[in-house]
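Visitor: File my_file_32.pdb below, PDB, C-alpha atoms:
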ATOM      1  CA  MET Y  28       2.356  -9.317 -13.991
ATOM      2  CA  ILE Y  29       0.891  -7.415 -11.052
ATOM      3  CA  THR Y  30      -1.951  -4.966 -11.629
ATOM      4  CA  VAL Y  31      -2.437  -2.186  -9.112
ATOM      5  CA  VAL Y  32      -5.836  -0.507  -9.057
ATOM      6  CA  GLY Y  33      -5.450   2.523  -6.874
ATOM      7  CA  SER Y  34      -4.788   6.128  -6.065
ATOM      8  CA  ILE Y  35      -2.175   8.351  -7.663
ATOM      9  CA  ASN Y  36      -1.386  11.519  -5.700
ATOM     10  CA  MET Y  37       1.145  14.263  -5.408
ATOM     11  CA  ASP Y  38       2.395  14.425  -1.818
ATOM     12  CA  LEU Y  39       2.772  17.934  -0.415
ATOM     13  CA  VAL Y  40       5.218  17.369   2.411
ATOM     14  CA  VAL Y  41       5.813  19.736   5.325
ATOM     15  CA  GLY Y  42       8.357  19.047   8.081
ATOM     16  CA  THR Y  43       8.269  20.547  11.567
ATOM     17  CA  GLU Y  44      10.028  19.935  14.884
ATOM     18  CA  ARG Y  45       6.716  19.028  16.534
ATOM     19  CA  PHE Y  46       3.099  18.601  15.516
ATOM     20  CA  PRO Y  47       0.958  21.677  16.285
ATOM     21  CA  LYS Y  48      -1.770  21.403  18.884
ATOM     22  CA  GLN Y  49      -5.313  22.337  17.926
ATOM     23  CA  GLY Y  50      -5.443  26.044  17.083
ATOM     24  CA  GLU Y  51      -1.657  26.391  17.289
ATOM     25  CA  THR Y  52       0.761  27.605  14.610
ATOM     26  CA  VAL Y  53       4.327  26.254  14.471
ATOM     27  CA  LEU Y  54       7.198  26.949  12.087
ATOM     28  CA  GLY Y  55       8.094  24.353   9.476
ATOM     29  CA  ASN Y  56      11.588  23.382   8.417
ATOM     30  CA  LEU Y  57      10.800  21.602   5.144
ATOM     31  CA  TYR Y  58       8.470  21.791   2.157
ATOM     32  CA  THR Y  59       8.610  19.652  -0.967
ATOM     33  CA  THR Y  60       6.401  17.802  -3.443
ATOM     34  CA  VAL Y  61       6.973  14.106  -4.156
ATOM     35  CA  PRO Y  62       4.922  11.499  -6.048
ATOM     36  CA  GLY Y  63       2.647   9.382  -3.871
ATOM     37  CA  GLY Y  64      -0.793   7.855  -3.517
ATOM     38  CA  LYS Y  65      -1.148   4.416  -1.991
ATOM     39  CA  GLY Y  66      -1.796   2.770  -5.350
ATOM     40  CA  ALA Y  67       1.139   4.420  -7.102
ATOM     41  CA  ASN Y  68       3.393   3.731  -4.129
ATOM     42  CA  GLN Y  69       2.550   0.027  -4.156
ATOM     43  CA  ALA Y  70       3.089  -0.108  -7.901
ATOM     44  CA  VAL Y  71       6.542   1.478  -7.576
ATOM     45  CA  ALA Y  72       7.467  -0.873  -4.727
ATOM     46  CA  ALA Y  73       6.556  -3.945  -6.803
ATOM     47  CA  ALA Y  74       8.292  -2.618  -9.922
ATOM     48  CA  ARG Y  75      11.560  -1.927  -8.104
ATOM     49  CA  LEU Y  76      11.539  -5.471  -6.784
ATOM     50  CA  GLY Y  77      11.522  -6.781 -10.318
ATOM     51  CA  ASP Y  78       7.926  -7.480 -11.286
ATOM     52  CA  GLN Y  79       6.099  -6.191 -14.363
ATOM     53  CA  VAL Y  80       3.439  -3.763 -13.125
ATOM     54  CA  HIS Y  81       0.305  -2.366 -14.770
ATOM     55  CA  MET Y  82      -1.263   0.709 -13.117
ATOM     56  CA  VAL Y  83      -4.986   1.465 -13.216
ATOM     57  CA  GLY Y  84      -6.080   4.834 -11.854
ATOM     58  CA  ALA Y  85      -6.684   8.472 -12.731
ATOM     59  CA  VAL Y  86      -4.813  11.784 -12.710
ATOM     60  CA  GLY Y  87      -5.942  15.313 -13.476
ATOM     61  CA  SER Y  88      -5.132  17.558 -16.404
ATOM     62  CA  ASP Y  89      -2.956  19.758 -14.173
ATOM     63  CA  ALA Y  90       0.844  19.898 -13.932
ATOM     64  CA  PHE Y  91       0.780  17.347 -11.119
ATOM     65  CA  GLY Y  92      -0.937  14.846 -13.404
ATOM     66  CA  THR Y  93       1.796  15.156 -16.010
ATOM     67  CA  GLN Y  94       4.514  14.769 -13.379
ATOM     68  CA  LEU Y  95       2.844  11.753 -11.822
ATOM     69  CA  LEU Y  96       2.532   9.911 -15.128
ATOM     70  CA  LYS Y  97       6.161  10.615 -16.023
ATOM     71  CA  GLY Y  98       7.237   9.333 -12.627
ATOM     72  CA  LEU Y  99       5.415   6.032 -13.053
ATOM     73  CA  GLU Y 100       6.770   5.580 -16.565
ATOM     74  CA  ALA Y 101      10.298   6.223 -15.289
ATOM     75  CA  GLU Y 102       9.813   3.171 -13.041
ATOM     76  CA  GLN Y 103       8.903   1.081 -16.136
ATOM     77  CA  ILE Y 104       5.278   0.868 -14.998
ATOM     78  CA  ASP Y 105       2.660   0.437 -17.722
ATOM     79  CA  THR Y 106       0.333   3.465 -17.450
ATOM     80  CA  GLN Y 107      -2.079   2.653 -20.279
ATOM     81  CA  GLY Y 108      -4.742   2.033 -17.624
ATOM     82  CA  VAL Y 109      -4.382   5.537 -16.152
ATOM     83  CA  LYS Y 110      -6.997   7.958 -17.444
ATOM     84  CA  LYS Y 111      -6.605  11.730 -17.491
ATOM     85  CA  THR Y 112      -9.566  13.742 -16.211
ATOM     86  CA  ASP Y 113     -10.438  17.404 -16.701
ATOM     87  CA  GLY Y 114     -10.068  18.257 -13.012
ATOM     88  CA  ALA Y 115      -7.258  18.325 -10.482
ATOM     89  CA  SER Y 116      -5.042  15.406  -9.511
ATOM     90  CA  GLY Y 117      -5.289  13.927  -6.053
ATOM     91  CA  ILE Y 118      -2.991  15.304  -3.371
ATOM     92  CA  ALA Y 119      -1.902  14.221   0.078
ATOM     93  CA  ASN Y 120      -0.884  16.816   2.650
ATOM     94  CA  ILE Y 121       1.771  15.092   4.766
ATOM     95  CA  LEU Y 122       3.041  16.551   8.025
ATOM     96  CA  LEU Y 123       6.327  15.085   9.263
ATOM     97  CA  SER Y 124       7.842  15.327  12.733
ATOM     98  CA  GLU Y 125      10.454  13.168  14.470
ATOM     99  CA  GLY Y 126      10.138  10.334  11.959
ATOM    100  CA  ASP Y 127       6.342  10.119  12.251
ATOM    101  CA  ASN Y 128       3.609  11.449   9.957
ATOM    102  CA  ARG Y 129       0.029  12.719   9.818
ATOM    103  CA  ILE Y 130      -1.728  12.729   6.442
ATOM    104  CA  ILE Y 131      -4.777  14.398   4.865
ATOM    105  CA  VAL Y 132      -5.770  13.100   1.420
ATOM    106  CA  VAL Y 133      -7.827  15.091  -1.115
ATOM    107  CA  PRO Y 134      -8.916  12.497  -3.727
ATOM    108  CA  GLY Y 135      -9.300  14.729  -6.786
ATOM    109  CA  ALA Y 136      -9.145  12.681 -10.003
ATOM    110  CA  ASN Y 137      -8.899   9.418  -8.048
ATOM    111  CA  HIS Y 138     -12.622   9.590  -7.296
ATOM    112  CA  GLU Y 139     -13.452   9.915 -10.993
ATOM    113  CA  LEU Y 140     -12.393   6.329 -11.681
ATOM    114  CA  THR Y 141     -15.465   4.263 -12.615
ATOM    115  CA  THR Y 142     -16.467   0.638 -13.026
ATOM    116  CA  ALA Y 143     -16.437   1.254 -16.795
ATOM    117  CA  ASP Y 144     -12.722   2.064 -16.480
ATOM    118  CA  ILE Y 145     -12.248  -1.276 -14.733
ATOM    119  CA  ASP Y 146     -14.168  -3.088 -17.473
ATOM    120  CA  ALA Y 147     -11.823  -1.490 -20.011
ATOM    121  CA  GLN Y 148      -8.917  -3.192 -18.207
ATOM    122  CA  LYS Y 149     -10.579  -6.620 -17.963
ATOM    123  CA  THR Y 150      -8.121  -8.278 -20.367
ATOM    124  CA  VAL Y 151      -5.147  -6.944 -18.406
ATOM    125  CA  ILE Y 152      -6.644  -8.026 -15.091
ATOM    126  CA  GLU Y 153      -7.328 -11.498 -16.462
ATOM    127  CA  LYS Y 154      -3.657 -11.857 -17.453
ATOM    128  CA  SER Y 155      -2.420 -10.688 -14.043
ATOM    129  CA  SER Y 156      -0.927 -12.909 -11.368
ATOM    130  CA  MET Y 157      -2.163 -10.573  -8.617
ATOM    131  CA  VAL Y 158      -4.318  -7.456  -8.256
ATOM    132  CA  ILE Y 159      -3.582  -4.988  -5.444
ATOM    133  CA  LEU Y 160      -6.205  -2.523  -4.184
ATOM    134  CA  GLN Y 161      -6.576   0.071  -1.420
ATOM    135  CA  LEU Y 162      -9.435   2.315  -0.279
ATOM    136  CA  GLU Y 163      -8.479   5.713  -1.713
ATOM    137  CA  LEU Y 164     -10.764   5.070  -4.712
ATOM    138  CA  PRO Y 165     -14.593   5.110  -4.829
ATOM    139  CA  ILE Y 166     -15.725   2.189  -2.692
ATOM    140  CA  GLY Y 167     -18.005   0.840  -5.414
ATOM    141  CA  VAL Y 168     -15.056   0.625  -7.798
ATOM    142  CA  VAL Y 169     -13.021  -1.345  -5.258
ATOM    143  CA  GLU Y 170     -15.883  -3.774  -4.647
ATOM    144  CA  TYR Y 171     -16.475  -4.192  -8.369
ATOM    145  CA  THR Y 172     -12.789  -4.875  -9.036
ATOM    146  CA  LEU Y 173     -12.615  -7.485  -6.271
ATOM    147  CA  GLN Y 174     -15.679  -9.237  -7.690
ATOM    148  CA  LEU Y 175     -14.323  -9.132 -11.239
ATOM    149  CA  ALA Y 176     -10.943 -10.500 -10.203
ATOM    150  CA  ARG Y 177     -12.633 -13.334  -8.313
ATOM    151  CA  GLU Y 178     -14.743 -14.203 -11.361
ATOM    152  CA  LEU Y 179     -11.571 -14.237 -13.467
ATOM    153  CA  GLY Y 180      -9.707 -16.396 -10.946
ATOM    154  CA  VAL Y 181      -7.102 -13.721 -10.195
ATOM    155  CA  PRO Y 182      -5.942 -13.425  -6.546
ATOM    156  CA  THR Y 183      -6.231 -10.058  -4.804
ATOM    157  CA  ILE Y 184      -4.546  -8.150  -1.995
ATOM    158  CA  LEU Y 185      -6.686  -5.486  -0.325
ATOM    159  CA  ASN Y 186      -4.885  -2.958   1.834
ATOM    160  CA  PRO Y 187      -7.890  -1.554   3.784
ATOM    161  CA  ALA Y 188      -6.587   1.984   4.137
ATOM    162  CA  PRO Y 189      -8.145   4.304   4.998
ATOM    163  CA  ALA Y 190     -10.127   1.766   6.997
ATOM    164  CA  GLY Y 191     -13.291   3.885   7.170
ATOM    165  CA  GLY Y 192     -14.291   2.774   3.675
ATOM    166  CA  PHE Y 193     -14.145  -0.963   4.377
ATOM    167  CA  THR Y 194     -17.323  -2.930   3.647
ATOM    168  CA  GLY Y 195     -18.388  -6.510   4.228
ATOM    169  CA  ALA Y 196     -18.166  -7.218   0.502
ATOM    170  CA  MET Y 197     -14.436  -6.549   0.657
ATOM    171  CA  LYS Y 198     -13.882  -9.665   2.745
ATOM    172  CA  GLN Y 199     -13.837 -11.564  -0.535
ATOM    173  CA  ALA Y 200     -10.267 -10.319  -1.081
ATOM    174  CA  ASP Y 201      -7.789 -13.192  -0.960
ATOM    175  CA  PHE Y 202      -5.417 -11.281   1.316
ATOM    176  CA  LEU Y 203      -6.067  -8.426   3.769
ATOM    177  CA  THR Y 204      -3.222  -6.226   5.015
ATOM    178  CA  PRO Y 205      -4.338  -3.669   7.632
ATOM    179  CA  ASN Y 206      -1.880  -2.045   9.988
ATOM    180  CA  GLU Y 207      -2.556  -2.285  13.719
ATOM    181  CA  THR Y 208      -4.572   0.946  13.866
ATOM    182  CA  GLU Y 209      -6.703  -0.115  10.913
ATOM    183  CA  ALA Y 210      -7.229  -3.585  12.386
ATOM    184  CA  GLN Y 211      -8.533  -2.005  15.602
ATOM    185  CA  GLU Y 212     -10.870   0.243  13.624
ATOM    186  CA  LEU Y 213     -12.178  -2.658  11.554
ATOM    187  CA  PHE Y 214     -12.392  -5.404  14.162
ATOM    188  CA  GLY Y 215     -12.071  -3.743  17.581
ATOM    189  CA  GLU Y 216      -9.526  -4.209  20.354
ATOM    190  CA  ASN Y 217      -9.699  -8.001  19.959
ATOM    191  CA  TRP Y 218      -8.561  -7.867  16.317
ATOM    192  CA  GLU Y 219      -6.092 -10.685  16.986
ATOM    193  CA  LEU Y 220      -9.030 -13.105  17.245
ATOM    194  CA  GLU Y 221     -10.190 -11.965  13.804
ATOM    195  CA  LEU Y 222      -6.925 -13.277  12.359
ATOM    196  CA  GLU Y 223      -8.196 -16.767  13.093
ATOM    197  CA  ARG Y 224     -11.011 -16.240  10.558
ATOM    198  CA  TYR Y 225      -8.415 -15.575   7.853
ATOM    199  CA  PRO Y 226      -5.604 -18.142   8.262
ATOM    200  CA  ASN Y 227      -2.660 -17.272   6.021
ATOM    201  CA  ARG Y 228      -4.850 -14.577   4.472
ATOM    202  CA  MET Y 229      -4.837 -11.577   6.814
ATOM    203  CA  VAL Y 230      -1.587 -10.093   8.063
ATOM    204  CA  VAL Y 231      -1.496  -7.086  10.385
ATOM    205  CA  THR Y 232       1.573  -4.887  10.070
ATOM    206  CA  LEU Y 233       3.065  -3.647  13.340
ATOM    207  CA  GLY Y 234       5.627  -1.086  12.171
ATOM    208  CA  LYS Y 235       9.105  -1.712  13.582
ATOM    209  CA  ASN Y 236       7.710  -4.760  15.417
ATOM    210  CA  GLY Y 237       7.089  -6.635  12.176
ATOM    211  CA  ALA Y 238       3.762  -8.284  11.317
ATOM    212  CA  ARG Y 239       1.341 -10.842  12.704
ATOM    213  CA  TYR Y 240      -0.930 -13.480  11.191
ATOM    214  CA  PHE Y 241      -2.588 -16.815  12.033
ATOM    215  CA  ASP Y 242      -1.309 -19.886  10.190
ATOM    216  CA  GLY Y 243      -4.286 -22.144  10.887
ATOM    217  CA  GLU Y 244      -2.831 -23.539  14.110
ATOM    218  CA  GLN Y 245      -1.140 -20.683  15.920
ATOM    219  CA  HIS Y 246      -0.549 -16.950  15.859
ATOM    220  CA  VAL Y 247       2.732 -16.069  14.175
ATOM    221  CA  THR Y 248       4.745 -12.870  14.676
ATOM    222  CA  VAL Y 249       7.316 -12.225  11.971
ATOM    223  CA  GLU Y 250       9.864  -9.901  13.521
ATOM    224  CA  GLY Y 251      10.786  -6.616  11.897
ATOM    225  CA  TYR Y 252      14.303  -5.497  11.000
ATOM    226  CA  PRO Y 253      16.339  -2.899  12.925
ATOM    227  CA  THR Y 254      16.212   0.433  11.138
ATOM    228  CA  GLN Y 255      16.829   4.144  11.619
ATOM    229  CA  ALA Y 256      13.605   5.817  10.522
ATOM    230  CA  VAL Y 257      13.851   9.066   8.577
ATOM    231  CA  ASP Y 258      10.352   9.084   7.044
ATOM    232  CA  THR Y 259       7.762   6.352   7.625
ATOM    233  CA  THR Y 260       5.510   7.543   4.773
ATOM    234  CA  GLY Y 261       5.034   4.690   2.327
ATOM    235  CA  ALA Y 262       6.353   1.910   4.568
ATOM    236  CA  GLY Y 263       3.019   0.088   4.507
ATOM    237  CA  ASP Y 264       2.786   0.526   0.751
ATOM    238  CA  THR Y 265       6.252  -0.946   0.351
ATOM    239  CA  PHE Y 266       5.158  -3.894   2.483
ATOM    240  CA  ASN Y 267       2.144  -4.510   0.229
ATOM    241  CA  GLY Y 268       4.084  -4.255  -3.023
ATOM    242  CA  ALA Y 269       6.771  -6.580  -1.700
ATOM    243  CA  LEU Y 270       4.229  -9.062  -0.320
ATOM    244  CA  ALA Y 271       2.566  -9.252  -3.732
ATOM    245  CA  VAL Y 272       5.878  -9.879  -5.476
ATOM    246  CA  ALA Y 273       6.839 -12.649  -3.059
ATOM    247  CA  LEU Y 274       3.438 -14.371  -3.261
ATOM    248  CA  VAL Y 275       3.409 -14.204  -7.059
ATOM    249  CA  GLU Y 276       6.848 -15.815  -7.071
ATOM    250  CA  GLY Y 277       5.489 -18.710  -5.020
ATOM    251  CA  SER Y 278       6.940 -17.933  -1.589
ATOM    252  CA  GLU Y 279       5.297 -19.527   1.419
ATOM    253  CA  PHE Y 280       3.267 -17.031   3.426
ATOM    254  CA  LYS Y 281       5.743 -16.606   6.286
ATOM    255  CA  GLU Y 282       8.647 -16.090   3.906
ATOM    256  CA  ALA Y 283       6.594 -13.593   1.895
ATOM    257  CA  VAL Y 284       5.865 -11.616   5.063
ATOM    258  CA  ARG Y 285       9.534 -11.705   6.017
ATOM    259  CA  PHE Y 286      10.491 -10.385   2.575
ATOM    260  CA  ALA Y 287       7.890  -7.615   2.889
ATOM    261  CA  ASN Y 288       9.157  -6.676   6.363
ATOM    262  CA  ALA Y 289      12.693  -6.317   5.037
ATOM    263  CA  ALA Y 290      11.552  -4.112   2.165
ATOM    264  CA  ALA Y 291       9.486  -1.919   4.490
ATOM    265  CA  SER Y 292      12.389  -1.510   6.920
ATOM    266  CA  LEU Y 293      14.558  -0.164   4.117
ATOM    267  CA  SER Y 294      11.875   2.206   2.857
ATOM    268  CA  VAL Y 295      11.804   4.316   6.024
ATOM    269  CA  GLU Y 296      15.505   5.123   5.866
ATOM    270  CA  LYS Y 297      15.125   7.730   3.110
ATOM    271  CA  PHE Y 298      12.828  10.671   2.518
ATOM    272  CA  GLY Y 299       9.580  10.389   0.566
ATOM    273  CA  ALA Y 300       7.000   7.650   0.119
ATOM    274  CA  GLN Y 301       8.707   6.362  -3.025
ATOM    275  CA  GLY Y 302      12.172   7.778  -2.420
ATOM    276  CA  GLY Y 303      13.324   5.018  -0.106
ATOM    277  CA  MET Y 304      11.655   2.053  -1.774
ATOM    278  CA  PRO Y 305      14.372  -0.575  -2.237
ATOM    279  CA  ASN Y 306      15.434  -2.774  -5.135
ATOM    280  CA  ARG Y 307      15.742  -6.568  -4.939
ATOM    281  CA  PRO Y 308      19.482  -6.752  -4.064
ATOM    282  CA  GLU Y 309      18.978  -4.365  -1.132
ATOM    283  CA  VAL Y 310      16.167  -6.478   0.310
ATOM    284  CA  VAL Y 311      18.079  -9.723  -0.128
ATOM    285  CA  SER Y 312      21.146  -8.175   1.511
ATOM    286  CA  ARG Y 313      19.149  -7.064   4.544
ATOM    287  CA  MET Y 314      17.558 -10.475   4.952
ATOM    288  CA  GLU Y 315      20.905 -12.255   4.694
ATOM    289  CA  ALA Y 316      22.537  -9.863   7.175
ATOM    290  CA  ALA Y 317      19.840 -10.713   9.723
ATOM    291  CA  LYS Y 318      20.387 -14.485   9.555
TER     292      LYS Y 318
END
Kindly present the structure from the file in structure tokens form.

Guide:
Amino acid sequence: MITVVGSINMDLVVGTERFPKQGETVLGNLYTTVPGGKGANQAVAAARLGDQVHMVGAVGSDAFGTQLLKGLEAEQIDTQGVKKTDGASGIANILLSEGDNRIIVVPGANHELTTADIDAQKTVIEKSSMVILQLELPIGVVEYTLQLARELGVPTILNPAPAGGFTGAMKQADFLTPNETEAQELFGENWELELERYPNRMVVTLGKNGARYFDGEQHVTVEGYPTQAVDTTGAGDTFNGALAVALVEGSEFKEAVRFANAAASLSVEKFGAQGGMPNRPEVVSRMEAAK
């Protein structure tokens, strides 16, 4: 079982032919609402790839909260660890243009998750094969969960996004998965040297160019898969969910990264953070086609 401790948002998606400049107004060509949040996205990605997933997080008492819970349950995700607050659910305002995105997150209920809520899930965490976290929750809750998982002997994946909340205490995560922009923010322009401090533990995702890590002897680039991007929202979350599934199943690190790359490449071919997340046969088919 994989436990995801993370954000649950409703994505408010707007499409436009080009991003507006500062102070400029442009016309949009799309508006829709779709379930998101980095935590929920990673949970859905892992569930579709065949693992049992337990979600820990918070939603509001609004209509979005009800929709978000129903969406997770439809993916066969255990939501007993999701609390319902009196306020509003978290939202992400996502602007799409030419296959790229810019995102503003308003945490809402996500920031009402507490360490007491984590303690209430201690038995579930202890039974887990992996815990996945991100940084869209209160930082103290993330640190506390990492410490608890370590005390319980449960491995963790920390996706340090948004990177601005990263603290030194978070280096105790077993695996770190920043993208290239986040790696630069965390470790500077020479982030590749930082990989050498985390052999087979830190992997930096490079979008269509795959991912990079250090295996203890050399730097390894695991190539990406050719894809026609429609919406890149959620690609990194798909990578993290897939990486967790592969590691839990006992894959060697390079093979786990390759599996995650394949899943991420499929996720960008459809609209919505969760809309394009693939199932196991689709990932296997893409990997076999590339051999």

Visitor: Apply the PyMOL selection byres ((chain Y and resi 104) around 10) to the structure shown and report the selected residues as a VMD selection string.

Guide: chain Y and resid 30 67 70 to 71 73 to 75 78 to 82 96 to 103 105 to 107

Visitor: Taking the file above as input, evaluate the PyMOL selection byres ((chain Y and resi 150) around 12) and report the hits as number ranges by chain.

Guide: Y: 30, 81, 108, 144-149, 151-155, 175-176, 179, 181

Visitor: Specify as a list of chain:residue names each residue included when the PyMOL selection byres ((chain Y and resi 54) around 9) is applied to this file.

Guide: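 Output from the PyMOL selection byres ((chain Y and resi 54) around 9), applied to this file: Y:Gly42, Y:Thr43, Y:Glu44, Y:Thr52, Y:Val53, Y:Gly55, Y:Asn56.
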
Visitor: Which residue is closest to Glu212 of chain Y? Choose from Y:Val83, Y:Leu160, Y:Arg228, Y:Gly191 and count all atoms listed in the file.

Guide: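 Under the stated criterion, the closest residue is Y:Gly191.
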
Visitor: At what distance in Å, to one decimal, does atom CA of Gln94 of chain Y lie from atom CA of Val133 of chain Y?

Guide: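 A separation of 17.4 Å between them.
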
Visitor: Listed atoms of segment 173-186 of chain Y, axis-aligned box, 8 Å per side: centre and edge lengths to one decimal in Å, as lines of an AutoDock Vina configuration file?

Guide:
center_x = -10.1
center_y = -9.7
center_z = -5.8
size_x = 27.1
size_y = 29.4
size_z = 31.3

Visitor: Quick one: of Y:Val311, Y:Ile29, Y:Val61, Y:Leu122, who's nearest to Gly268 of chain Y, counting only C-alpha atoms?

Guide: Y:Ile29

Visitor: Atom CA of Gly92 of chain Y to atom CA of Ile35 of chain Y: how many Å, to one decimal?

Guide: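 For atom CA of Gly92 of chain Y relative to atom CA of Ile35 of chain Y, the distance reads 8.8 Å.
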
Visitor: What is the atom CA of Glu315 of chain Y-atom CA of Ala269 of chain Y distance in Å, reported with one decimal?

Guide: 16.5 Å

Visitor: Check the smallest atom-to-atom distance from each of Y:Gly195, Y:Gly251, Y:Gly64, Y:Gly84 to Thr232 of chain Y using all atoms listed in the file, then report the winner.

Guide: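 Checking each of Y:Gly195, Y:Gly251, Y:Gly64, Y:Gly84 against Thr232 of chain Y, counting all atoms listed in the file, the winner is Y:Gly251.
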
Visitor: Nearest to Gln174 of chain Y: which of Y:Met197, Y:Ile159, Y:Asp38, Y:Thr265 is it, counting all atoms listed in the file?

Guide: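 So, comparing all the options, the nearest one is Y:Met197.
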
Visitor: Please provide the set of residues having any atom within 12 Å of Ala287 of chain Y, restricted to all atoms listed in the file, with same-chain residues fewer than 5 positions apart removed, written as a PyMOL selection string.

Guide: chain Y and resi 69+72-73+76+204+230+232+234+237-238+249-252+262-274+278+280-282+292-294+304-305+307+310-311+313-314

Visitor: Might you pull out every residue within 8 Å of Asp127 of chain Y, with all atoms listed in the file counted and same-chain residues fewer than 5 positions away left off, and present them as a ChimeraX atom specification?

Guide: /Y:258-260

Visitor: Which residue is closest to Thr112 of chain Y? Choose from Y:Leu222, Y:Ala136, Y:Ala256, Y:Leu95 and count all atoms listed in the file.

Guide: Y:Ala136

Visitor: Check the smallest atom-to-atom distance from each of Y:Val295, Y:Gly180, Y:Arg285, Y:Asn120 to Lys318 of chain Y using all atoms listed in the file, then report the winner.

Guide: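 Under the stated criterion, the closest residue is Y:Arg285.
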
Visitor: Skip Gln211 of chain Y itself and residues of its chain fewer than 4 positions away, then list as a VMD selection string all residues within 12 Å of it, counting all atoms listed in the file.

Guide: chain Y and resid 187 190 to 191 205 to 207 215 to 222 231 to 233
